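File shown: start-v9.txt. Contents: compact mmCIF, C-alpha atoms and all ligand atoms.
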```
# COMPACT_ATOMS: atom_id res chain seq x y z
CA MET A 25 92.07 93.13 92.99
CA ALA A 26 94.39 96.10 93.44
CA THR A 27 97.15 93.72 94.49
CA LYS A 28 97.29 92.00 91.10
CA THR A 29 97.19 95.29 89.29
CA ALA A 30 100.00 96.67 91.40
CA THR A 31 102.11 93.53 90.93
CA ALA A 32 101.70 93.70 87.19
CA ALA A 33 102.62 97.36 87.26
CA PHE A 34 105.75 96.58 89.27
CA ALA A 35 106.80 93.87 86.85
CA ALA A 36 106.36 96.25 83.94
CA LEU A 37 108.42 98.90 85.69
CA ALA A 38 111.15 96.46 86.65
CA PHE A 39 111.90 95.68 83.04
CA ALA A 40 111.24 99.05 81.52
CA ALA A 41 113.96 101.29 80.26
CA THR A 42 114.15 104.57 82.10
CA PRO A 43 110.94 106.29 81.06
CA ALA A 44 110.98 109.96 80.27
CA ALA A 45 108.79 112.50 78.63
CA ALA A 46 109.88 113.69 75.20
CA ALA A 47 110.64 117.04 76.76
CA ASP A 48 110.62 117.90 80.39
CA ALA A 49 107.20 119.17 81.36
CA TYR A 50 105.83 118.38 84.77
CA HIS A 51 103.01 119.89 86.74
CA TRP A 52 101.39 119.38 90.10
CA VAL A 53 99.29 121.05 92.81
CA GLN A 54 100.68 121.83 96.25
CA TYR A 55 99.64 123.57 99.42
CA VAL A 56 101.43 126.79 100.27
CA PRO A 57 101.00 129.12 103.25
CA GLY A 58 97.50 130.48 102.95
CA GLY A 59 96.35 128.48 99.97
CA LEU A 60 97.01 126.29 97.02
CA GLU A 61 99.18 126.60 93.92
CA GLY A 62 99.46 124.84 90.62
CA ARG A 63 103.08 124.58 89.57
CA ALA A 64 104.86 123.57 86.41
CA VAL A 65 108.42 122.91 85.29
CA THR A 66 109.04 123.22 81.58
CA GLU A 67 111.88 123.32 79.10
CA ALA A 68 109.76 125.61 76.95
CA GLY A 69 110.44 129.32 76.82
CA SER A 70 107.17 130.30 78.44
CA CYS A 71 104.80 129.00 81.05
CA PRO A 72 102.13 126.56 79.91
CA ALA A 73 98.56 127.64 79.33
CA ALA A 74 96.23 127.25 82.28
CA THR A 75 92.59 127.64 83.18
CA LEU A 76 90.69 128.33 86.38
CA GLY A 77 87.02 127.51 86.40
CA GLY A 78 87.18 127.08 82.63
CA ALA A 79 88.53 130.57 82.00
CA PRO A 80 92.09 131.26 80.80
CA ALA A 81 94.50 132.03 83.63
CA ALA A 82 98.13 133.06 83.23
CA MET A 83 100.77 131.10 85.10
CA GLN A 84 103.45 133.37 86.51
CA VAL A 85 107.17 132.71 86.28
CA ARG A 86 108.30 131.44 89.66
CA ALA A 87 111.94 130.83 88.73
CA ALA A 88 113.63 131.71 85.45
CA PRO A 89 116.29 129.36 84.09
CA GLY A 90 119.61 129.59 85.94
CA GLU A 91 122.91 127.81 86.38
CA GLY A 92 122.25 124.07 86.44
CA TYR A 93 118.56 124.70 85.94
CA PRO A 94 117.74 125.16 82.23
CA VAL A 95 114.04 125.07 82.99
CA LEU A 96 111.29 127.51 83.76
CA VAL A 97 109.29 127.01 86.95
CA CYS A 98 105.81 128.49 86.91
CA ALA A 99 103.11 129.01 89.51
CA LEU A 100 99.37 129.55 89.47
CA PRO A 101 97.58 130.51 92.70
CA ILE A 102 94.34 128.55 92.90
CA PRO A 103 91.67 130.48 94.82
CA ALA A 104 89.65 128.65 97.46
CA GLY A 105 86.45 127.26 96.02
CA THR A 106 87.83 126.80 92.52
CA ALA A 107 85.83 123.96 91.01
CA ALA A 108 88.14 123.07 88.15
CA ALA A 109 91.58 123.99 86.89
CA ALA A 110 93.94 122.76 84.21
CA ILE A 111 97.54 123.17 83.12
CA ASP A 112 98.51 122.43 79.54
CA GLY A 113 95.02 121.07 78.95
CA VAL A 114 95.35 118.47 81.74
CA PRO A 115 92.76 118.81 84.53
CA LEU A 116 94.32 119.29 87.97
CA ARG A 117 93.41 117.18 90.97
CA LEU A 118 92.04 119.75 93.38
CA PRO A 119 91.48 119.08 97.09
CA ALA A 120 88.66 116.73 97.99
CA ALA A 121 85.91 118.35 100.01
CA ASP A 122 86.47 115.80 102.76
CA PRO A 123 89.70 113.85 102.21
CA GLN A 124 89.43 110.20 103.09
CA ARG A 125 92.76 108.91 101.78
CA ILE A 126 96.07 110.56 102.61
CA LEU A 127 99.21 109.04 101.23
CA VAL A 128 102.43 109.52 103.22
CA LEU A 129 105.98 108.85 102.08
CA ALA A 130 109.50 110.20 102.55
CA ASP A 131 113.21 109.75 101.91
CA THR A 132 112.68 108.77 98.34
CA GLY A 133 115.83 109.66 96.38
CA CYS A 134 118.75 107.48 95.29
CA ARG A 135 121.81 107.76 97.55
CA MET A 136 125.02 108.79 95.86
CA LYS A 137 127.49 110.25 98.27
CA GLY A 138 131.13 109.21 98.16
CA ALA A 139 131.46 105.46 98.29
CA LYS A 140 127.79 105.04 99.25
CA ALA A 141 126.23 104.55 95.85
CA GLN A 142 122.80 102.99 95.60
CA ALA A 143 121.94 101.14 92.39
CA CYS A 144 119.77 103.91 90.97
CA ASN A 145 119.41 101.96 87.72
CA ASP A 146 117.88 98.90 89.44
CA ILE A 147 114.29 99.30 90.54
CA THR A 148 114.66 96.53 93.11
CA GLN A 149 117.52 98.38 94.78
CA TRP A 150 116.12 101.90 94.44
CA PRO A 151 112.36 101.32 94.24
CA PHE A 152 110.93 104.84 94.33
CA ARG A 153 109.56 104.65 90.79
CA ALA A 154 107.62 101.53 91.75
CA VAL A 155 106.56 103.06 95.06
CA ALA A 156 105.18 106.16 93.34
CA ALA A 157 103.40 104.12 90.66
CA ALA A 158 101.81 101.80 93.22
CA ALA A 159 100.84 104.74 95.40
CA ALA A 160 99.17 106.52 92.48
CA THR A 161 97.02 103.46 91.70
CA LEU A 162 95.53 103.73 95.21
CA LYS A 163 94.00 107.08 94.27
CA PRO A 164 94.86 109.26 97.26
CA ASP A 165 93.01 112.49 97.99
CA LEU A 166 96.19 114.09 99.31
CA VAL A 167 99.88 113.24 99.26
CA ILE A 168 102.27 114.20 102.04
CA HIS A 169 105.98 113.95 101.32
CA LEU A 170 107.80 114.23 104.62
CA GLY A 171 111.09 115.36 103.13
CA ASP A 172 114.42 114.21 101.63
CA TYR A 173 113.82 114.19 97.91
CA HIS A 174 117.34 114.86 96.58
CA TYR A 175 120.06 112.28 97.22
CA ARG A 176 122.51 112.22 94.30
CA GLU A 177 125.22 114.45 95.67
CA THR A 178 128.46 113.07 94.21
CA ALA A 179 129.45 111.15 91.10
CA CYS A 180 128.73 107.48 90.68
CA PRO A 181 132.02 105.66 91.37
CA ALA A 182 133.81 104.58 88.19
CA GLY A 183 132.87 101.09 87.12
CA ASN A 184 129.73 100.91 89.25
CA LEU A 185 127.05 99.79 86.82
CA GLY A 186 124.31 100.18 89.42
CA CYS A 187 124.42 103.95 89.15
CA ALA A 188 126.41 104.42 85.94
CA GLY A 189 125.28 107.40 83.92
CA SER A 190 123.49 109.08 86.80
CA PRO A 191 123.63 112.84 87.18
CA TYR A 192 124.75 114.32 90.50
CA GLY A 193 124.78 117.67 92.28
CA ASP A 194 122.19 120.36 92.92
CA ASN A 195 120.80 120.70 89.41
CA TRP A 196 117.73 119.97 87.34
CA ALA A 197 119.05 116.66 85.98
CA VAL A 198 119.16 115.28 89.52
CA TRP A 199 115.82 116.72 90.58
CA ARG A 200 114.31 115.18 87.47
CA ALA A 201 115.95 111.79 88.11
CA ASP A 202 115.33 111.66 91.88
CA VAL A 203 111.91 113.28 91.99
CA PHE A 204 109.99 114.48 88.97
CA SER A 205 110.40 111.55 86.59
CA PRO A 206 109.73 108.73 89.09
CA ALA A 207 107.05 110.65 90.98
CA GLU A 208 105.16 111.91 87.93
CA PRO A 209 102.07 109.67 88.25
CA LEU A 210 101.79 110.53 91.92
CA LEU A 211 102.31 114.25 91.28
CA LEU A 212 99.28 114.09 89.00
CA ALA A 213 97.18 112.00 91.38
CA ALA A 214 96.37 114.52 94.14
CA PRO A 215 97.46 117.79 95.74
CA TRP A 216 100.69 117.50 97.72
CA VAL A 217 102.04 118.84 100.98
CA MET A 218 105.80 119.20 100.54
CA VAL A 219 107.84 119.02 103.75
CA ARG A 220 111.47 120.05 103.63
CA GLY A 221 114.13 117.54 104.68
CA ASN A 222 117.78 117.93 105.54
CA HIS A 223 118.66 116.86 101.99
CA GLU A 224 117.07 120.13 100.92
CA GLU A 225 119.55 122.16 102.94
CA CYS A 226 121.51 124.73 100.97
CA ASP A 227 124.67 122.64 100.82
CA ARG A 228 122.80 119.68 99.32
CA GLY A 229 119.69 120.00 97.12
CA GLY A 230 118.46 123.34 98.44
CA LYS A 231 118.62 125.28 95.18
CA GLY A 232 116.31 122.84 93.47
CA TRP A 233 114.02 122.86 96.49
CA SER A 234 113.79 126.65 96.41
CA ARG A 235 113.04 126.72 92.70
CA THR A 236 110.52 123.93 92.49
CA LEU A 237 108.89 122.70 95.70
CA ASP A 238 109.44 125.29 98.43
CA PRO A 239 105.97 126.49 99.45
CA ARG A 240 107.32 130.01 99.78
CA PRO A 241 107.96 132.36 96.84
CA PHE A 242 111.30 132.01 95.05
CA ASP A 243 113.75 134.87 95.48
CA PRO A 244 116.22 135.01 92.57
CA ALA A 245 118.56 137.09 94.72
CA GLN A 246 118.74 134.19 97.20
CA PRO A 247 118.72 130.96 95.19
CA CYS A 248 118.56 128.90 98.36
CA ILE A 249 116.98 130.08 101.58
CA PRO A 250 118.43 128.30 104.62
CA GLY A 251 116.21 125.89 106.47
CA ASN A 252 113.89 126.23 109.43
CA ALA A 253 111.43 128.56 107.70
CA ASP A 254 108.31 129.68 109.55
CA PRO A 255 105.60 127.02 109.83
CA TYR A 256 102.24 127.00 108.10
CA THR A 257 99.08 124.98 108.48
CA VAL A 258 96.78 123.14 106.10
CA ALA A 259 93.19 123.01 107.35
CA LEU A 260 91.29 119.89 106.34
CA PRO A 261 87.78 119.11 107.56
CA GLY A 262 88.21 118.05 111.18
CA LEU A 263 91.98 117.94 110.99
CA THR A 264 94.75 120.51 110.69
CA LEU A 265 98.25 119.74 109.46
CA GLY A 266 101.07 121.78 110.96
CA VAL A 267 104.05 121.85 108.59
CA LEU A 268 107.46 122.49 110.15
CA ASP A 269 110.73 123.08 108.32
CA VAL A 270 113.31 121.39 110.57
CA ALA A 271 115.86 120.85 107.81
CA THR A 272 118.87 122.08 109.78
CA MET A 273 117.83 121.28 113.35
CA GLU A 274 120.93 119.90 115.10
CA GLU A 275 120.55 116.32 116.28
CA ASP A 276 123.58 115.52 118.38
CA ALA A 277 123.52 118.51 120.71
CA VAL A 278 121.05 121.20 121.71
CA GLN A 279 121.56 124.22 119.47
CA PRO A 280 119.95 126.90 121.65
CA ALA A 281 119.00 129.38 118.92
CA GLN A 282 117.46 126.63 116.83
CA ALA A 283 115.64 125.23 119.85
CA ASP A 284 114.17 128.68 120.54
CA ALA A 285 113.03 128.95 116.91
CA ALA A 286 111.51 125.47 116.95
CA ARG A 287 109.68 126.19 120.19
CA ARG A 288 108.32 129.39 118.67
CA HIS A 289 107.24 127.51 115.55
CA MET A 290 105.49 124.85 117.62
CA ARG A 291 103.73 127.60 119.54
CA GLN A 292 102.59 129.14 116.24
CA VAL A 293 101.12 125.82 115.15
CA GLY A 294 99.48 125.43 118.55
CA GLY A 295 97.90 128.86 118.13
CA ALA A 296 96.55 127.89 114.72
CA LEU A 297 95.14 124.65 116.12
CA ASP A 298 93.45 126.58 118.92
CA GLY A 299 92.45 123.39 120.68
CA LYS A 300 91.42 121.55 117.52
CA PRO A 301 93.16 118.25 116.68
CA GLY A 302 96.16 118.38 114.44
CA TRP A 303 99.12 116.41 113.14
CA LEU A 304 102.60 117.83 113.15
CA LEU A 305 104.60 117.13 110.00
CA LEU A 306 108.35 117.45 110.54
CA HIS A 307 111.06 115.70 108.59
CA ARG A 308 113.32 114.91 111.52
CA PRO A 309 111.61 112.90 114.25
CA ILE A 310 112.27 113.93 117.85
CA TRP A 311 112.33 110.80 120.05
CA SER A 312 112.93 108.07 117.50
CA ALA A 313 115.54 105.43 116.73
CA GLU A 314 117.45 105.13 113.47
CA GLU A 315 119.68 102.31 114.65
CA MET A 316 121.12 100.77 117.78
CA LYS A 317 124.64 101.31 119.06
CA ARG A 318 125.88 99.21 121.98
CA GLY A 319 122.28 98.42 122.80
CA GLN A 320 121.19 102.04 122.86
CA PRO A 321 118.96 103.78 120.29
CA ILE A 322 120.54 106.57 118.28
CA GLY A 323 118.94 109.07 115.93
CA ALA A 324 116.97 111.28 118.32
CA ASN A 325 117.02 115.04 117.87
CA GLN A 326 118.29 116.88 120.92
CA THR A 327 117.45 120.36 119.65
CA LEU A 328 113.85 119.49 118.83
CA ALA A 329 113.53 117.60 122.12
CA ALA A 330 114.62 120.71 123.98
CA ALA A 331 112.07 122.74 122.02
CA ALA A 332 109.20 120.32 122.62
CA SER A 333 109.88 119.40 126.25
CA ASN A 334 108.27 121.08 129.23
CA GLY A 335 105.14 122.23 127.47
CA GLY A 336 106.65 123.08 124.10
CA MET A 337 104.54 120.52 122.27
CA PRO A 338 101.09 122.01 121.52
CA ASP A 339 98.23 120.25 123.31
CA GLY A 340 96.22 119.86 120.12
CA VAL A 341 98.88 117.78 118.37
CA THR A 342 97.66 114.20 118.39
CA THR A 343 100.36 112.59 116.22
CA LEU A 344 103.83 113.40 114.90
CA PHE A 345 104.67 112.34 111.33
CA SER A 346 108.28 112.24 110.17
CA GLY A 347 110.71 110.61 107.80
CA HIS A 348 114.51 110.86 108.06
CA HIS A 349 114.86 107.37 109.48
CA HIS A 350 114.47 104.92 106.62
CA THR A 351 111.96 102.60 108.17
CA PHE A 352 108.30 102.45 109.18
CA GLN A 353 108.13 103.00 112.91
CA VAL A 354 105.44 103.77 115.48
CA LEU A 355 106.33 104.90 118.99
CA ASN A 356 103.93 105.55 121.87
CA TYR A 357 105.61 107.14 124.86
CA ASP A 358 105.22 106.70 128.59
CA PRO A 359 102.05 108.62 129.54
CA ALA A 360 104.07 110.56 132.10
CA ALA A 361 105.89 112.26 129.20
CA ASN A 362 102.58 113.70 127.92
CA LEU A 363 103.71 113.49 124.29
CA PRO A 364 101.92 112.55 121.09
CA PRO A 365 103.03 109.31 119.40
CA GLN A 366 105.54 109.39 116.60
CA VAL A 367 104.98 107.80 113.20
CA VAL A 368 108.06 107.53 110.99
CA ALA A 369 107.57 106.69 107.31
CA GLY A 370 110.99 107.16 105.76
CA HIS A 371 111.02 103.91 103.79
CA GLY A 372 110.26 105.40 100.36
CA GLY A 373 113.41 104.48 98.46
CA ASP A 374 116.76 105.44 99.94
CA TYR A 375 118.94 102.83 101.70
CA ALA A 376 116.85 101.21 104.43
CA ASP A 377 117.77 101.48 108.12
CA GLU A 378 117.57 97.93 109.43
CA GLY A 379 118.93 98.03 112.97
CA VAL A 380 115.95 98.88 115.17
CA PRO A 381 114.14 95.98 116.88
CA ASP A 382 110.68 95.05 115.65
CA ASP A 383 109.35 95.80 119.13
CA PRO A 384 110.85 99.04 120.44
CA ALA A 385 108.89 98.98 123.73
CA GLY A 386 111.15 99.70 126.66
CA LEU A 387 113.70 101.75 124.75
CA SER A 388 114.70 104.98 126.46
CA ILE A 389 115.24 107.83 124.00
CA LEU A 390 116.69 111.01 125.48
CA GLY A 391 115.11 109.98 128.76
CA VAL A 392 111.65 109.33 127.29
CA ARG A 393 110.53 105.73 127.61
CA VAL A 394 108.82 104.02 124.68
CA ALA A 395 105.71 102.36 126.10
CA SER A 396 104.70 100.50 122.94
CA GLY A 397 105.12 100.56 119.21
CA MET A 398 106.62 98.68 116.32
CA ASN A 399 109.33 98.90 113.71
CA GLN A 400 108.79 97.37 110.29
CA HIS A 401 111.44 96.69 107.69
CA GLY A 402 111.07 96.97 103.94
CA TYR A 403 110.34 99.72 101.41
CA GLY A 404 106.95 101.27 100.81
CA PHE A 405 104.58 104.00 101.93
CA LEU A 406 101.56 104.63 104.15
CA MET A 407 97.96 105.17 103.14
CA LEU A 408 95.92 106.87 105.85
CA THR A 409 92.20 106.23 105.55
CA ARG A 410 89.43 107.86 107.45
CA GLY A 411 86.82 105.63 109.04
CA ALA A 412 83.89 106.12 111.37
CA ASP A 413 86.20 106.03 114.39
CA GLY A 414 89.04 108.10 113.00
CA TRP A 415 92.11 107.50 110.90
CA ALA A 416 93.96 104.28 110.19
CA ALA A 417 97.43 104.00 108.66
CA THR A 418 98.14 101.03 106.42
CA SER A 419 101.68 100.41 105.27
CA HIS A 420 102.03 99.12 101.73
CA ASP A 421 105.03 97.47 100.12
CA VAL A 422 106.60 98.58 96.85
CA ARG A 423 104.00 96.65 94.88
CA GLY A 424 101.17 98.35 96.71
CA ASN A 425 100.27 95.31 98.81
CA PRO A 426 99.02 96.14 102.31
CA VAL A 427 101.45 95.00 104.99
CA ARG A 428 100.13 96.21 108.34
CA THR A 429 97.39 98.49 109.64
CA CYS A 430 97.64 100.83 112.62
CA THR A 431 94.80 102.76 114.21
CA ILE A 432 95.53 106.41 114.95
CA GLY A 433 93.79 107.29 118.19
CA VAL A 434 94.10 110.33 120.40
CA ARG A 435 97.76 110.29 121.40
CA MET A 436 97.93 106.53 120.80
CA VAL A 437 98.70 104.56 117.64
CA THR A 438 97.86 100.87 117.84
CA CYS A 439 99.27 98.52 115.22
CA GLY A 440 97.99 95.13 114.16
CA PRO A 441 100.24 92.26 113.13
CA GLN A 442 102.24 92.24 109.94
CA ARG A 443 100.56 90.30 107.19
CA THR A 444 102.55 87.23 106.28
CA SER A 445 102.00 87.35 102.53
CA GLY A 446 101.21 89.98 100.02
FE FE B 1 116.65 113.16 106.44
```

Can you dump the structure from the file as structure tokens?
Ligand SMILES: [Fe+2]
Amino acid sequence: MATKTATAAFAALAFAATPAAAADAYHWVQYVPGGLEGRAVTEAGSCPAATLGGAPAAMQVRAAPGEGYPVLVCALPIPAGTAAAAIDGVPLRLPAADPQRILVLADTGCRMKGAKAQACNDITQWPFRAVAAAAATLKPDLVIHLGDYHYRETACPAGNLGCAGSPYGDNWAVWRADVFSPAEPLLLAAPWVMVRGNHEECDRGGKGWSRTLDPRPFDPAQPCIPGNADPYTVALPGLTLGVLDVATMEEDAVQPAQADAARRHMRQVGGALDGKPGWLLLHRPIWSAEEMKRGQPIGANQTLAAAASNGGMPDGVTTLFSGHHHTFQVLNYDPAANLPPQVVAGHGGDYADEGVPDDPAGLSILGVRVASGMNQHGYGFLMLTRGADGWAATSHDVRGNPVRTCTIGVRMVTCGPQRTSG
């Protein structure tokens, strides 16, 4: 079945030389505030040809080439109801009328920062290319990337063969290596929702974010717009996604101005939900554990907790989806806290966080008690599937094998056991 296919694909990838297009030319479809856009990155001097509904349509220049970015980024607004569209003669995957399969992943790039240098050249050590290939074979209707795309910030240490030859810095070579080249099959598989992570802050990969993936327009006078942009929503049949930019939200102390902004943003999403069910997509989780220190969980976000406490979390939000912590984690909170459960799916490729217990029940995180949940180790992604009774989230490993299935209820996520073989 799919398992054999995915395993064969992984084996092929593991021994392949770094694949690359003859010239850089990538395209994808993503949600933006108020609609949908086709986008393209090209080394050519002009935007690729496009069609909407079979008729020629001109892509507009989103970002002209600039320092570190010798590529053109183009955009094509896709009106609601468009039945077919294409870029460069390749048909685009437009939104399904009633999405049944939503793929979720995050924290996908290859870490290079000072002495921390992941083996970007070894697919077993940095598996995002395999993750994206396996995910694409599962034919999602929608892809949600929960943030942290860009990780190669400083040079590979001399003599380290694991990352030798890798580019670094906020430039196209890194965005191509960390994102566009490995993710290409998945970029073509379905429309995406792009959530901004802290690695897309302006002092990290923010310029590339602003040029390529930021759902807002690019402003050449401001090559990187600082984080915490206004939220927007994506309305699916029976489900609304609230997308928050929490890239710079301070974790270790309450930053009052940021907390005010986050509370306002949550209120905006709540207004858009207007009582309807919705999921909140935010890169940094609020009450979650990245690791343990002297028996206590660390990694919660004090600023977002201040924003969401005491009625800040909209009633309609049934589930929180985040990355940032490099693990797959589900946390249901004490009912007295009146909070939606948190799903963390930050196990897409960067160094894994291994320190949280498999059963996090009983942990107290910023005074909120975890009533039940689970923490699963290992790289991979989630596939959310819609059934008669609602949504289920199945984690898959880097070969695409299913590992564990959780049922997403109303303010409760219930996980089955981990499969013992794959
Ligand atoms: Fe992060």

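For the pair CA of Pro181 in chain A and CA of Ala139 in chain A, the interatomic distance is 6.9 Å.
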
Ligand FE 1 (chain B) neighbours within 7 Å using all atoms listed in the file, as a list in words: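 Selection of residues at most 7 Å from ligand FE 1 (chain B): Asp131, Gly171, Asp172, Gly221, Asn222, His223, His307, Arg308, Gly347, His348 and His349 of chain A.
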
Test item: residues at most 8 Å from range 400-405 of chain A, all atoms listed in the file, excluding those fewer than 2 positions along its chain, as an MDAnalysis selection string: chainID A and resid 127:130 151 155 159 351:353 369 371:373 376:378 382 398 407 419:422 424

Close residues, Lys163 in chain A itself excluded, 8 Å, all atoms listed in the file, min 3 positions apart in chain, as a list in words: Arg125, Ala159, Ala160, Ala213 and Ala214 of chain A

Nearest candidate to Ala329 in chain A (options A:Ser312, A:Asn145, A:Thr444, A:Ser396; using only C-alpha atoms):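 Distance minimum relative to Ala329 in chain A lands on A:Ser312.
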
Length of the CA of Leu76 in chain A to CA of Ala120 in chain A vector [Å]: 16.5 Å
